[in-house]
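data19.cif (mmCIF, C-alpha atoms and all ligand atoms)
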data_work
#
loop_
_atom_site.group_PDB
_atom_site.id
_atom_site.type_symbol
_atom_site.label_atom_id
_atom_site.label_comp_id
_atom_site.auth_asym_id
_atom_site.auth_seq_id
_atom_site.Cartn_x
_atom_site.Cartn_y
_atom_site.Cartn_z
ATOM 1 C CA MET A 1 44.389 17.756 -7.860
ATOM 2 C CA LEU A 2 42.146 16.123 -10.492
ATOM 3 C CA ARG A 3 39.391 15.792 -7.866
ATOM 4 C CA THR A 4 39.666 19.506 -7.002
ATOM 5 C CA VAL A 5 39.414 20.512 -10.678
ATOM 6 C CA THR A 6 36.398 18.206 -11.195
ATOM 7 C CA LEU A 7 34.704 19.603 -8.097
ATOM 8 C CA PHE A 8 35.410 23.177 -9.218
ATOM 9 C CA THR A 9 33.996 22.452 -12.706
ATOM 10 C CA ALA A 10 30.890 20.885 -11.173
ATOM 11 C CA ILE A 11 30.328 23.897 -8.883
ATOM 12 C CA LEU A 12 30.875 26.303 -11.800
ATOM 13 C CA PHE A 13 28.407 24.356 -13.972
ATOM 14 C CA TRP A 14 25.867 24.188 -11.174
ATOM 15 C CA SER A 15 26.107 27.906 -10.473
ATOM 16 C CA THR A 16 25.787 28.893 -14.137
ATOM 17 C CA ALA A 17 23.202 26.252 -15.183
ATOM 18 C CA GLU A 18 19.966 27.906 -16.222
ATOM 19 C CA ALA A 19 16.708 27.053 -14.504
ATOM 20 C CA ALA A 20 14.108 25.254 -16.591
ATOM 21 C CA THR A 21 11.102 27.307 -17.695
ATOM 22 C CA VAL A 22 7.427 26.378 -17.443
ATOM 23 C CA MET A 23 4.511 28.340 -18.904
ATOM 24 C CA ILE A 24 1.026 27.762 -17.499
ATOM 25 C CA THR A 25 -2.350 28.915 -18.823
ATOM 26 C CA GLY A 26 -5.160 29.641 -16.363
ATOM 27 C CA ALA A 27 -2.732 30.371 -13.515
ATOM 28 C CA SER A 28 -5.159 32.598 -11.587
ATOM 29 C CA ARG A 29 -6.660 29.860 -9.405
ATOM 30 C CA GLY A 30 -7.210 26.149 -8.890
ATOM 31 C CA ILE A 31 -4.817 23.711 -10.520
ATOM 32 C CA GLY A 32 -2.991 26.402 -12.548
ATOM 33 C CA LEU A 33 -2.230 28.500 -9.460
ATOM 34 C CA GLU A 34 -0.927 25.429 -7.621
ATOM 35 C CA PHE A 35 1.313 24.482 -10.570
ATOM 36 C CA THR A 36 2.672 28.049 -10.461
ATOM 37 C CA LYS A 37 3.415 27.851 -6.743
ATOM 38 C CA ARG A 38 5.019 24.423 -6.867
ATOM 39 C CA TYR A 39 7.237 24.944 -9.912
ATOM 40 C CA ALA A 40 8.397 28.274 -8.424
ATOM 41 C CA GLU A 41 9.255 26.504 -5.142
ATOM 42 C CA GLN A 42 11.313 24.009 -7.132
ATOM 43 C CA GLY A 43 13.356 26.850 -8.653
ATOM 44 C CA TRP A 44 11.841 26.864 -12.129
ATOM 45 C CA ASP A 45 11.303 30.099 -14.027
ATOM 46 C CA VAL A 46 7.519 30.312 -14.229
ATOM 47 C CA ILE A 47 5.551 32.227 -16.847
ATOM 48 C CA ALA A 48 2.140 32.341 -15.181
ATOM 49 C CA THR A 49 -0.535 33.462 -17.606
ATOM 50 C CA ALA A 50 -4.049 34.576 -16.733
ATOM 51 C CA ARG A 51 -6.775 36.392 -18.613
ATOM 52 C CA SER A 52 -7.071 39.286 -16.142
ATOM 53 C CA PRO A 53 -4.092 38.989 -13.787
ATOM 54 C CA GLU A 54 -4.639 42.482 -12.343
ATOM 55 C CA ASP A 55 -7.688 41.024 -10.533
ATOM 56 C CA ASP A 56 -5.945 37.856 -9.339
ATOM 57 C CA GLU A 57 -4.816 38.664 -5.807
ATOM 58 C CA LYS A 58 -3.474 35.191 -4.976
ATOM 59 C CA LEU A 59 -1.364 35.064 -8.113
ATOM 60 C CA GLN A 60 -0.088 38.606 -7.530
ATOM 61 C CA ALA A 61 0.868 37.759 -3.945
ATOM 62 C CA LEU A 62 2.676 34.624 -5.074
ATOM 63 C CA ALA A 63 4.640 36.563 -7.685
ATOM 64 C CA ALA A 64 5.495 39.258 -5.126
ATOM 65 C CA ASP A 65 7.095 36.560 -2.945
ATOM 66 C CA ASN A 66 8.839 34.700 -5.785
ATOM 67 C CA SER A 67 11.013 36.629 -8.216
ATOM 68 C CA ASN A 68 11.056 33.593 -10.548
ATOM 69 C CA ILE A 69 7.336 34.051 -11.355
ATOM 70 C CA ARG A 70 6.584 36.298 -14.294
ATOM 71 C CA ILE A 71 2.918 37.117 -14.878
ATOM 72 C CA GLU A 72 1.615 37.618 -18.411
ATOM 73 C CA THR A 73 -1.903 38.360 -19.625
ATOM 74 C CA LEU A 74 -3.325 35.619 -21.809
ATOM 75 C CA ASP A 75 -6.901 34.814 -22.738
ATOM 76 C CA VAL A 76 -6.630 31.584 -24.710
ATOM 77 C CA THR A 77 -9.582 32.572 -26.908
ATOM 78 C CA ASP A 78 -7.845 35.779 -28.035
ATOM 79 C CA HIS A 79 -5.721 34.410 -30.874
ATOM 80 C CA THR A 80 -4.207 37.806 -31.664
ATOM 81 C CA GLY A 81 -3.203 38.092 -28.014
ATOM 82 C CA VAL A 82 -1.713 34.572 -28.078
ATOM 83 C CA ASP A 83 0.423 35.515 -31.095
ATOM 84 C CA ALA A 84 1.430 38.811 -29.448
ATOM 85 C CA LEU A 85 2.630 36.993 -26.307
ATOM 86 C CA ALA A 86 4.512 34.446 -28.431
ATOM 87 C CA ASP A 87 6.269 37.384 -30.167
ATOM 88 C CA LYS A 88 6.978 39.095 -26.867
ATOM 89 C CA LEU A 89 8.554 35.880 -25.544
ATOM 90 C CA SER A 90 10.461 35.226 -28.756
ATOM 91 C CA GLY A 91 13.886 33.795 -27.864
ATOM 92 C CA THR A 92 12.620 32.356 -24.554
ATOM 93 C CA ALA A 93 12.920 28.565 -24.458
ATOM 94 C CA ILE A 94 9.956 26.957 -22.687
ATOM 95 C CA ASP A 95 10.714 23.485 -21.326
ATOM 96 C CA VAL A 96 7.169 22.674 -20.260
ATOM 97 C CA LEU A 97 4.015 24.349 -21.565
ATOM 98 C CA ILE A 98 0.929 23.417 -19.559
ATOM 99 C CA ASN A 99 -2.397 23.963 -21.325
ATOM 100 C CA ASN A 100 -4.467 24.066 -18.171
ATOM 101 C CA ALA A 101 -7.118 26.790 -18.665
ATOM 102 C CA GLY A 102 -10.571 25.308 -19.008
ATOM 103 C CA ILE A 103 -14.260 25.726 -18.201
ATOM 104 C CA SER A 104 -17.097 23.281 -17.684
ATOM 105 C CA GLY A 105 -19.776 25.537 -19.153
ATOM 106 C CA GLY A 106 -22.002 24.917 -16.148
ATOM 107 C CA ARG A 107 -24.327 22.031 -15.352
ATOM 108 C CA ASN A 108 -27.892 23.271 -15.867
ATOM 109 C CA THR A 109 -26.971 24.862 -19.205
ATOM 110 C CA GLN A 110 -26.139 21.437 -20.669
ATOM 111 C CA GLU A 111 -29.055 19.434 -19.328
ATOM 112 C CA PHE A 112 -30.570 17.429 -22.194
ATOM 113 C CA GLY A 113 -34.130 18.595 -22.775
ATOM 114 C CA ASN A 114 -33.230 22.145 -21.788
ATOM 115 C CA ILE A 115 -29.905 22.838 -23.471
ATOM 116 C CA ASP A 116 -28.526 26.343 -23.908
ATOM 117 C CA PHE A 117 -26.801 25.782 -27.232
ATOM 118 C CA SER A 118 -24.883 29.060 -27.053
ATOM 119 C CA VAL A 119 -22.647 27.529 -24.349
ATOM 120 C CA PHE A 120 -21.110 25.042 -26.803
ATOM 121 C CA ASN A 121 -18.948 27.601 -28.573
ATOM 122 C CA ASP A 122 -17.527 29.007 -25.323
ATOM 123 C CA VAL A 123 -16.606 25.552 -24.072
ATOM 124 C CA MET A 124 -15.001 24.517 -27.368
ATOM 125 C CA ASN A 125 -13.201 27.837 -27.845
ATOM 126 C CA ILE A 126 -11.588 27.678 -24.415
ATOM 127 C CA ASN A 127 -11.032 23.921 -23.981
ATOM 128 C CA VAL A 128 -10.104 22.867 -27.524
ATOM 129 C CA LEU A 129 -9.194 25.764 -29.809
ATOM 130 C CA GLY A 130 -7.400 27.565 -26.957
ATOM 131 C CA PRO A 131 -4.829 24.807 -26.269
ATOM 132 C CA LEU A 132 -4.439 24.185 -30.003
ATOM 133 C CA LYS A 133 -3.724 27.859 -30.731
ATOM 134 C CA VAL A 134 -1.335 28.196 -27.758
ATOM 135 C CA THR A 135 0.468 25.017 -28.845
ATOM 136 C CA GLU A 136 0.829 26.291 -32.417
ATOM 137 C CA ALA A 137 2.017 29.745 -31.339
ATOM 138 C CA PHE A 138 4.547 28.463 -28.775
ATOM 139 C CA LEU A 139 5.866 25.414 -30.650
ATOM 140 C CA GLU A 140 9.115 27.180 -31.495
ATOM 141 C CA HIS A 141 9.682 28.204 -27.847
ATOM 142 C CA VAL A 142 9.151 24.619 -26.678
ATOM 143 C CA GLY A 143 11.238 23.212 -29.548
ATOM 144 C CA ALA A 144 14.144 25.428 -28.449
ATOM 145 C CA SER A 145 14.146 24.016 -24.894
ATOM 146 C CA ASP A 146 15.846 21.017 -23.286
ATOM 147 C CA GLN A 147 12.714 19.185 -22.129
ATOM 148 C CA LYS A 148 10.319 19.979 -25.024
ATOM 149 C CA LYS A 149 7.036 19.055 -23.320
ATOM 150 C CA ILE A 150 3.527 20.322 -23.994
ATOM 151 C CA ILE A 151 1.112 18.981 -21.392
ATOM 152 C CA ASN A 152 -2.626 19.247 -21.887
ATOM 153 C CA ILE A 153 -4.880 18.994 -18.871
ATOM 154 C CA SER A 154 -7.670 16.774 -20.102
ATOM 155 C CA SER A 155 -10.305 14.912 -18.095
ATOM 156 C CA SER A 156 -11.587 11.384 -17.662
ATOM 157 C CA GLU A 157 -14.924 12.990 -18.627
ATOM 158 C CA GLY A 158 -13.592 12.936 -22.197
ATOM 159 C CA ARG A 159 -13.437 9.121 -22.316
ATOM 160 C CA LEU A 160 -15.837 7.650 -24.860
ATOM 161 C CA SER A 161 -15.057 4.165 -23.556
ATOM 162 C CA LEU A 162 -16.234 4.938 -20.045
ATOM 163 C CA VAL A 163 -19.232 7.256 -20.072
ATOM 164 C CA ARG A 164 -21.193 6.975 -16.844
ATOM 165 C CA GLY A 165 -24.309 9.035 -16.229
ATOM 166 C CA ALA A 166 -25.666 11.539 -18.747
ATOM 167 C CA ARG A 167 -24.148 14.909 -17.880
ATOM 168 C CA GLN A 168 -22.325 17.900 -19.335
ATOM 169 C CA PRO A 169 -22.243 16.792 -22.974
ATOM 170 C CA PHE A 170 -20.433 19.966 -24.116
ATOM 171 C CA TYR A 171 -17.687 19.661 -21.516
ATOM 172 C CA ARG A 172 -17.256 15.954 -22.187
ATOM 173 C CA ALA A 173 -17.197 16.524 -25.943
ATOM 174 C CA SER A 174 -14.600 19.267 -25.484
ATOM 175 C CA LYS A 175 -12.210 16.980 -23.621
ATOM 176 C CA SER A 176 -12.718 14.148 -26.177
ATOM 177 C CA ALA A 177 -11.985 16.739 -28.878
ATOM 178 C CA LEU A 178 -8.923 18.016 -27.001
ATOM 179 C CA ASN A 179 -7.622 14.447 -26.852
ATOM 180 C CA MET A 180 -8.122 13.959 -30.586
ATOM 181 C CA VAL A 181 -6.617 17.305 -31.498
ATOM 182 C CA MET A 182 -3.522 16.698 -29.361
ATOM 183 C CA LYS A 183 -3.105 13.108 -30.533
ATOM 184 C CA ASN A 184 -3.129 14.566 -34.035
ATOM 185 C CA VAL A 185 -0.586 17.266 -33.112
ATOM 186 C CA SER A 186 1.669 14.625 -31.537
ATOM 187 C CA ILE A 187 2.150 12.837 -34.861
ATOM 188 C CA HIS A 188 2.565 15.958 -37.000
ATOM 189 C CA PRO A 189 5.999 16.256 -38.658
ATOM 190 C CA LEU A 190 6.496 19.783 -37.242
ATOM 191 C CA VAL A 191 6.268 18.274 -33.767
ATOM 192 C CA GLN A 192 7.978 14.937 -34.359
ATOM 193 C CA GLU A 193 10.963 16.421 -36.210
ATOM 194 C CA GLN A 194 11.701 18.620 -33.184
ATOM 195 C CA GLY A 195 11.238 15.747 -30.720
ATOM 196 C CA ILE A 196 8.430 17.570 -28.900
ATOM 197 C CA ILE A 197 6.455 15.478 -26.391
ATOM 198 C CA ILE A 198 2.689 15.986 -26.279
ATOM 199 C CA GLY A 199 1.155 14.945 -22.968
ATOM 200 C CA ILE A 200 -2.558 14.349 -22.389
ATOM 201 C CA LEU A 201 -3.097 14.129 -18.648
ATOM 202 C CA THR A 202 -6.084 13.880 -16.324
ATOM 203 C CA PRO A 203 -5.734 15.573 -12.924
ATOM 204 C CA GLY A 204 -8.251 13.483 -10.957
ATOM 205 C CA PHE A 205 -11.442 14.798 -9.345
ATOM 206 C CA VAL A 206 -10.045 17.893 -7.661
ATOM 207 C CA ASP A 207 -11.457 20.263 -5.063
ATOM 208 C CA THR A 208 -11.368 23.624 -6.902
ATOM 209 C CA ASP A 209 -13.939 26.224 -7.983
ATOM 210 C CA PHE A 210 -14.523 23.945 -10.955
ATOM 211 C CA THR A 211 -16.112 21.261 -8.792
ATOM 212 C CA ALA A 212 -17.880 23.632 -6.354
ATOM 213 C CA GLY A 213 -21.178 22.202 -5.123
ATOM 214 C CA LEU A 214 -20.271 18.578 -5.944
ATOM 215 C CA PRO A 215 -19.868 15.982 -3.151
ATOM 216 C CA LYS A 216 -16.368 16.231 -1.717
ATOM 217 C CA GLN A 217 -15.991 12.597 -0.528
ATOM 218 C CA MET A 218 -14.376 11.392 -3.761
ATOM 219 C CA MET A 219 -12.283 14.532 -4.354
ATOM 220 C CA ILE A 220 -8.573 14.995 -3.871
ATOM 221 C CA ASP A 221 -7.073 18.305 -2.822
ATOM 222 C CA VAL A 222 -5.299 20.478 -5.337
ATOM 223 C CA GLU A 223 -1.889 19.885 -3.715
ATOM 224 C CA THR A 224 -2.212 16.097 -4.173
ATOM 225 C CA SER A 225 -3.418 16.486 -7.747
ATOM 226 C CA VAL A 226 -0.569 18.780 -8.728
ATOM 227 C CA SER A 227 2.073 16.638 -6.968
ATOM 228 C CA ARG A 228 0.899 13.656 -9.015
ATOM 229 C CA SER A 229 0.769 15.671 -12.239
ATOM 230 C CA MET A 230 4.271 17.084 -11.710
ATOM 231 C CA ALA A 231 5.632 13.568 -11.158
ATOM 232 C CA MET A 232 3.968 12.439 -14.395
ATOM 233 C CA ILE A 233 5.203 15.492 -16.305
ATOM 234 C CA GLU A 234 8.724 14.626 -15.209
ATOM 235 C CA LYS A 235 8.239 11.060 -16.495
ATOM 236 C CA TYR A 236 6.735 12.016 -19.862
ATOM 237 C CA ASP A 237 9.051 10.971 -22.690
ATOM 238 C CA LEU A 238 8.685 10.533 -26.444
ATOM 239 C CA GLU A 239 7.417 6.983 -25.946
ATOM 240 C CA MET A 240 4.464 8.426 -23.986
ATOM 241 C CA SER A 241 3.793 11.275 -26.421
ATOM 242 C CA GLY A 242 0.218 11.409 -27.745
ATOM 243 C CA LYS A 243 -0.977 8.921 -25.141
ATOM 244 C CA TYR A 244 -3.652 9.553 -22.543
ATOM 245 C CA PHE A 245 -2.600 9.140 -18.925
ATOM 246 C CA ALA A 246 -4.145 9.590 -15.523
ATOM 247 C CA ASN A 247 -1.801 11.564 -13.268
ATOM 248 C CA THR A 248 -1.647 8.460 -11.068
ATOM 249 C CA GLY A 249 0.284 6.773 -13.882
ATOM 250 C CA GLU A 250 -2.250 4.506 -15.627
ATOM 251 C CA GLU A 251 -2.619 4.773 -19.366
ATOM 252 C CA MET A 252 -6.301 5.492 -20.135
ATOM 253 C CA THR A 253 -8.508 4.049 -22.850
ATOM 254 C CA TRP A 254 -9.871 6.870 -25.038
HETATM 255 N N1 LIG A 301 -11.141 20.214 -10.902
HETATM 256 C C1 LIG A 301 -11.331 19.018 -11.452
HETATM 257 O O1 LIG A 301 -11.847 18.069 -10.810
HETATM 258 C C2 LIG A 301 -10.892 18.738 -12.859
HETATM 259 C C3 LIG A 301 -11.045 17.435 -13.345
HETATM 260 C C4 LIG A 301 -10.636 17.131 -14.637
HETATM 261 C C5 LIG A 301 -10.081 18.127 -15.415
HETATM 262 N N2 LIG A 301 -9.944 19.401 -14.928
HETATM 263 C C6 LIG A 301 -9.345 20.401 -15.812
HETATM 264 O O2 LIG A 301 -8.294 21.070 -15.134
HETATM 265 C C7 LIG A 301 -8.150 22.394 -15.644
HETATM 266 C C8 LIG A 301 -8.120 23.388 -14.503
HETATM 267 O O3 LIG A 301 -9.301 23.212 -13.752
HETATM 268 P P1 LIG A 301 -9.499 23.810 -12.269
HETATM 269 O O4 LIG A 301 -10.143 22.735 -11.486
HETATM 270 O O5 LIG A 301 -8.248 24.431 -11.773
HETATM 271 O O6 LIG A 301 -10.594 24.920 -12.593
HETATM 272 P P2 LIG A 301 -10.824 26.407 -12.023
HETATM 273 O O7 LIG A 301 -10.417 26.479 -10.597
HETATM 274 O O8 LIG A 301 -12.220 26.742 -12.411
HETATM 275 O O9 LIG A 301 -9.782 27.286 -12.874
HETATM 276 C C9 LIG A 301 -9.954 27.442 -14.261
HETATM 277 C C10 LIG A 301 -8.860 28.336 -14.776
HETATM 278 O O10 LIG A 301 -9.038 28.503 -16.205
HETATM 279 C C11 LIG A 301 -8.966 29.895 -16.464
HETATM 280 N N3 LIG A 301 -9.648 30.273 -17.699
HETATM 281 C C12 LIG A 301 -10.938 30.108 -18.031
HETATM 282 N N4 LIG A 301 -11.176 30.626 -19.252
HETATM 283 C C13 LIG A 301 -9.995 31.120 -19.694
HETATM 284 C C14 LIG A 301 -9.585 31.783 -20.868
HETATM 285 N N5 LIG A 301 -10.442 32.071 -21.855
HETATM 286 N N6 LIG A 301 -8.286 32.132 -21.008
HETATM 287 C C15 LIG A 301 -7.402 31.873 -20.011
HETATM 288 N N7 LIG A 301 -7.737 31.281 -18.861
HETATM 289 C C16 LIG A 301 -9.021 30.908 -18.711
HETATM 290 C C17 LIG A 301 -9.588 30.554 -15.248
HETATM 291 O O11 LIG A 301 -9.273 31.932 -15.236
HETATM 292 P P3 LIG A 301 -10.213 33.049 -14.492
HETATM 293 O O12 LIG A 301 -9.818 33.041 -13.061
HETATM 294 O O13 LIG A 301 -9.865 34.311 -15.207
HETATM 295 O O14 LIG A 301 -11.634 32.633 -14.697
HETATM 296 C C18 LIG A 301 -8.907 29.741 -14.158
HETATM 297 O O15 LIG A 301 -7.595 30.164 -13.957
HETATM 298 C C19 LIG A 301 -9.327 22.590 -16.617
HETATM 299 O O16 LIG A 301 -8.871 22.385 -17.949
HETATM 300 C C20 LIG A 301 -10.308 21.501 -16.235
HETATM 301 O O17 LIG A 301 -11.118 21.078 -17.318
HETATM 302 C C21 LIG A 301 -10.334 19.736 -13.672
#
What does this structure look like when you write it as structure tokens?
Ligand SMILES: NC(=O)c1ccc[n+]([C@@H]2O[C@H](COP(=O)([O-])OP(=O)(O)OC[C@H]3O[C@@H](n4cnc5c(N)ncnc54)[C@H](OP(=O)(O)O)[C@@H]3O)[C@@H](O)[C@H]2O)c1
Amino acid sequence: MLRTVTLFTAILFWSTAEAATVMITGASRGIGLEFTKRYAEQGWDVIATARSPEDDEKLQALAADNSNIRIETLDVTDHTGVDALADKLSGTAIDVLINNAGISGGRNTQEFGNIDFSVFNDVMNINVLGPLKVTEAFLEHVGASDQKKIINISSSEGRLSLVRGARQPFYRASKSALNMVMKNVSIHPLVQEQGIIIGILTPGFVDTDFTAGLPKQMMIDVETSVSRSMAMIEKYDLEMSGKYFANTGEEMTW
């Protein structure tokens, strides 16, 4: 009898347990689109954000096939828009927020000796201020969740301790700055008091539009990258908060 009651309670709990929620920036293509697909397959509620989702056919098709994907418009440089989405989603607990949207700013534009200085602001606005603003605006949503994780997709290109070859100074500086900004956020009382975990994660050298034109021999495919990142996101705990990890598991020097 006791076994039957326990089994019944377990089934009832299982059937009423809410799915975890993930919100992803830059979900239109590349790593963000793959995160969207994979979390949806795993039964998560996915808030897939993109700056012009009406043009994003792959994301639209994915959402049409998966009722647990909700698409929202979000340009991470539009701070008013970020606040408006945070208001719209008020009361929605977000277990994992993935700050994924990012740009390189191009290669020729950042070539020393012939630098287009106007590119710097775009790169910093999207790669540094964007994640910081999204993190600030959605802190309450993450704080209200069970998992409380904010994961920032950084890059090994942001490592000051391992700079090889002179290239893309704006992009590299933006990822070093992202690391510093998020390290700082991770030790802020607003974050620590709520037990929020701040992840800083590198995805590897991944075959996406981002790396178009670069030699493919050393690249991994987007499925492999996202599988590794999802495994790391699952592992992230408070002990790892504010630390810099490769998605293969190694802690990185800054
Ligand atoms: N691929 C790699 O090897 C690699 C390595 C290290 C780190 N990363 C990092 O991984 C992240 C994703 O890269 P990826 O390879 O997937 O690049 P990607 O294929 O070029 O995708 C970039 C994504 O960012 C979005 N985005 C750009 N500006 C935005 C803005 N202002 N607001 C919202 N979304 C914006 C793009 O949206 P649109 O479609 O609207 O342009 C797109 O969804 C980036 O942060 C990148 O720095 C990538």
Hits of the PyMOL selection byres (((not hetatm)) within 7 of (chain A and resi 301)) in this structure, as a PDB file with C-alpha atoms, in the frame of the given file:
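So the final result, stored in out06.pdb, reads:
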ATOM      1  CA  THR A  25      -2.350  28.915 -18.823  1.00  0.00           C
ATOM      2  CA  GLY A  26      -5.160  29.641 -16.363  1.00  0.00           C
ATOM      3  CA  ALA A  27      -2.732  30.371 -13.515  1.00  0.00           C
ATOM      4  CA  SER A  28      -5.159  32.598 -11.587  1.00  0.00           C
ATOM      5  CA  ARG A  29      -6.660  29.860  -9.405  1.00  0.00           C
ATOM      6  CA  GLY A  30      -7.210  26.149  -8.890  1.00  0.00           C
ATOM      7  CA  ILE A  31      -4.817  23.711 -10.520  1.00  0.00           C
ATOM      8  CA  GLY A  32      -2.991  26.402 -12.548  1.00  0.00           C
ATOM      9  CA  ALA A  50      -4.049  34.576 -16.733  1.00  0.00           C
ATOM     10  CA  ARG A  51      -6.775  36.392 -18.613  1.00  0.00           C
ATOM     11  CA  SER A  52      -7.071  39.286 -16.142  1.00  0.00           C
ATOM     12  CA  LEU A  74      -3.325  35.619 -21.809  1.00  0.00           C
ATOM     13  CA  ASP A  75      -6.901  34.814 -22.738  1.00  0.00           C
ATOM     14  CA  VAL A  76      -6.630  31.584 -24.710  1.00  0.00           C
ATOM     15  CA  THR A  77      -9.582  32.572 -26.908  1.00  0.00           C
ATOM     16  CA  ASN A 100      -4.467  24.066 -18.171  1.00  0.00           C
ATOM     17  CA  ALA A 101      -7.118  26.790 -18.665  1.00  0.00           C
ATOM     18  CA  GLY A 102     -10.571  25.308 -19.008  1.00  0.00           C
ATOM     19  CA  ILE A 103     -14.260  25.726 -18.201  1.00  0.00           C
ATOM     20  CA  SER A 104     -17.097  23.281 -17.684  1.00  0.00           C
ATOM     21  CA  ILE A 126     -11.588  27.678 -24.415  1.00  0.00           C
ATOM     22  CA  ASN A 127     -11.032  23.921 -23.981  1.00  0.00           C
ATOM     23  CA  ILE A 153      -4.880  18.994 -18.871  1.00  0.00           C
ATOM     24  CA  SER A 154      -7.670  16.774 -20.102  1.00  0.00           C
ATOM     25  CA  SER A 155     -10.305  14.912 -18.095  1.00  0.00           C
ATOM     26  CA  SER A 156     -11.587  11.384 -17.662  1.00  0.00           C
ATOM     27  CA  THR A 202      -6.084  13.880 -16.324  1.00  0.00           C
ATOM     28  CA  PRO A 203      -5.734  15.573 -12.924  1.00  0.00           C
ATOM     29  CA  GLY A 204      -8.251  13.483 -10.957  1.00  0.00           C
ATOM     30  CA  PHE A 205     -11.442  14.798  -9.345  1.00  0.00           C
ATOM     31  CA  VAL A 206     -10.045  17.893  -7.661  1.00  0.00           C
ATOM     32  CA  ASP A 207     -11.457  20.263  -5.063  1.00  0.00           C
ATOM     33  CA  THR A 208     -11.368  23.624  -6.902  1.00  0.00           C
ATOM     34  CA  ASP A 209     -13.939  26.224  -7.983  1.00  0.00           C
ATOM     35  CA  PHE A 210     -14.523  23.945 -10.955  1.00  0.00           C
ATOM     36  CA  THR A 211     -16.112  21.261  -8.792  1.00  0.00           C
TER      37      THR A 211
END
(request) Can you give me, as a ChimeraX atom specification, the residues this file yields under the PyMOL selection byres (((chain A and resi 150) around 12) and not hetatm)? (result) /A:22-25,94-100,131-132,134-136,138-143,145,147-149,151-153,182-183,185-186,191,195-201,233-234,236-238,240-242
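Candidate residues A:Ala61, A:Asp56, A:Gly106, A:Asn66 were compared for distance to Glu41 of chain A, and the nearest is A:Asn66, using all atoms listed in the file.
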Coordinates of box centre and edge lengths for segment 161-173 of chain A, 5 Å on every side, axis-aligned, as AutoDock Vina command-line options:
--center_x -20.4 --center_y 12.1 --center_z -21.1 --size_x 20.6 --size_y 25.8 --size_z 19.7
(request) Evaluate the PyMOL selection byres (((chain A and resi 254) around 9) and not hetatm) on the structure here and hand back the selected residues as a ChimeraX atom specification. (result) /A:156,158-162,176,179,244,252-253
(message) Here is a test: counting all atoms listed in the file, which residue of A:Gln168, A:Thr248, A:Gln217, A:Thr109 is nearest to Ser229 of chain A?
(response) A:Thr248
(request) Select, from A:Val222, A:Ile115, A:Ala63, A:Ala144, the residue with the minimum atom-to-atom distance to Thr21 of chain A, counting all atoms listed in the file. (result) A:Ala144
(request) Considering only C-alpha atoms, state which residue in the set A:Thr92, A:Gln110, A:Ser118, A:Thr80 is at the smallest distance from Gly130 of chain A. (result) A:Thr80
Which neighbours of Arg167 of chain A fall inside 9 Å, counting only C-alpha atoms, when residues of the same chain fewer than 4 positions from it are skipped, and could you give them as a PDB file with C-alpha atoms, in the coordinates of the input?
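Result went into part12.pdb, see below:
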ATOM      1  CA  ARG A 107     -24.327  22.031 -15.352  1.00  0.00           C
ATOM      2  CA  GLN A 110     -26.139  21.437 -20.669  1.00  0.00           C
ATOM      3  CA  GLU A 111     -29.055  19.434 -19.328  1.00  0.00           C
ATOM      4  CA  PHE A 112     -30.570  17.429 -22.194  1.00  0.00           C
ATOM      5  CA  TYR A 171     -17.687  19.661 -21.516  1.00  0.00           C
ATOM      6  CA  ARG A 172     -17.256  15.954 -22.187  1.00  0.00           C
TER       7      ARG A 172
END
(request) Just the residues within 7 Å of Ser174 of chain A, please, counting all atoms listed in the file, with nothing from its chain fewer than 3 positions along; format it as a PyMOL selection string. (result) chain A and resi 123-124+127-128+170-171+177-178
Mind writing the picked residues with C-alpha atoms as a PDB file, keeping the file's coordinate frame?
ATOM      1  CA  VAL A 123     -16.606  25.552 -24.072  1.00  0.00           C
ATOM      2  CA  MET A 124     -15.001  24.517 -27.368  1.00  0.00           C
ATOM      3  CA  ASN A 127     -11.032  23.921 -23.981  1.00  0.00           C
ATOM      4  CA  VAL A 128     -10.104  22.867 -27.524  1.00  0.00           C
ATOM      5  CA  PHE A 170     -20.433  19.966 -24.116  1.00  0.00           C
ATOM      6  CA  TYR A 171     -17.687  19.661 -21.516  1.00  0.00           C
ATOM      7  CA  ALA A 177     -11.985  16.739 -28.878  1.00  0.00           C
ATOM      8  CA  LEU A 178      -8.923  18.016 -27.001  1.00  0.00           C
TER       9      LEU A 178
END
(request) Record the distance separating atom CA of Gly105 of chain A and atom CA of Gly249 of chain A, expressed in Å with one decimal. (result)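 One can read the atom CA of Gly105 of chain A to atom CA of Gly249 of chain A distance as 28.0 Å.
Residue nearest Asp221 of chain A within the list A:Gly81, A:Glu34, A:Asp45, A:Leu59: A:Glu34 [criterion: smallest interatomic distance, all atoms listed in the file].
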(request) Mind giving me the straight-line distance from atom CA of Leu33 of chain A to atom CA of Val226 of chain A in Å, one decimal? (result) 9.9 Å
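Here atom CA of Gln42 of chain A is placed at a distance of 9.6 Å from atom CA of Ala19 of chain A.
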(request) Skip Ser67 of chain A itself and residues of its chain fewer than 2 positions away, then list as a PyMOL selection string all residues within 10 Å of it, counting only C-alpha atoms. (result) chain A and resi 40+45-46+62-65+69-70
Please write a file for segment 134-146 of chain A, taken from the block I just shared, that holds C-alpha atoms and is laid out as a JSON list (two decimals), in the first residue's frame.
[["chain", "number", "residue", "atom", "x", "y", "z"],
["A", 134, "VAL", "CA", 20.63, 42.02, -20.10],
["A", 135, "THR", "CA", 22.08, 40.62, -16.87],
["A", 136, "GLU", "CA", 21.01, 43.70, -14.90],
["A", 137, "ALA", "CA", 17.51, 43.76, -16.40],
["A", 138, "PHE", "CA", 16.86, 40.02, -15.92],
["A", 139, "LEU", "CA", 18.54, 39.51, -12.53],
["A", 140, "GLU", "CA", 15.20, 39.31, -10.76],
["A", 141, "HIS", "CA", 13.88, 36.68, -13.22],
["A", 142, "VAL", "CA", 16.98, 34.54, -12.71],
["A", 143, "GLY", "CA", 16.94, 35.10, -8.94],
["A", 144, "ALA", "CA", 13.37, 33.78, -8.83],
["A", 145, "SER", "CA", 14.32, 30.47, -10.50],
["A", 146, "ASP", "CA", 15.58, 27.14, -9.16]]
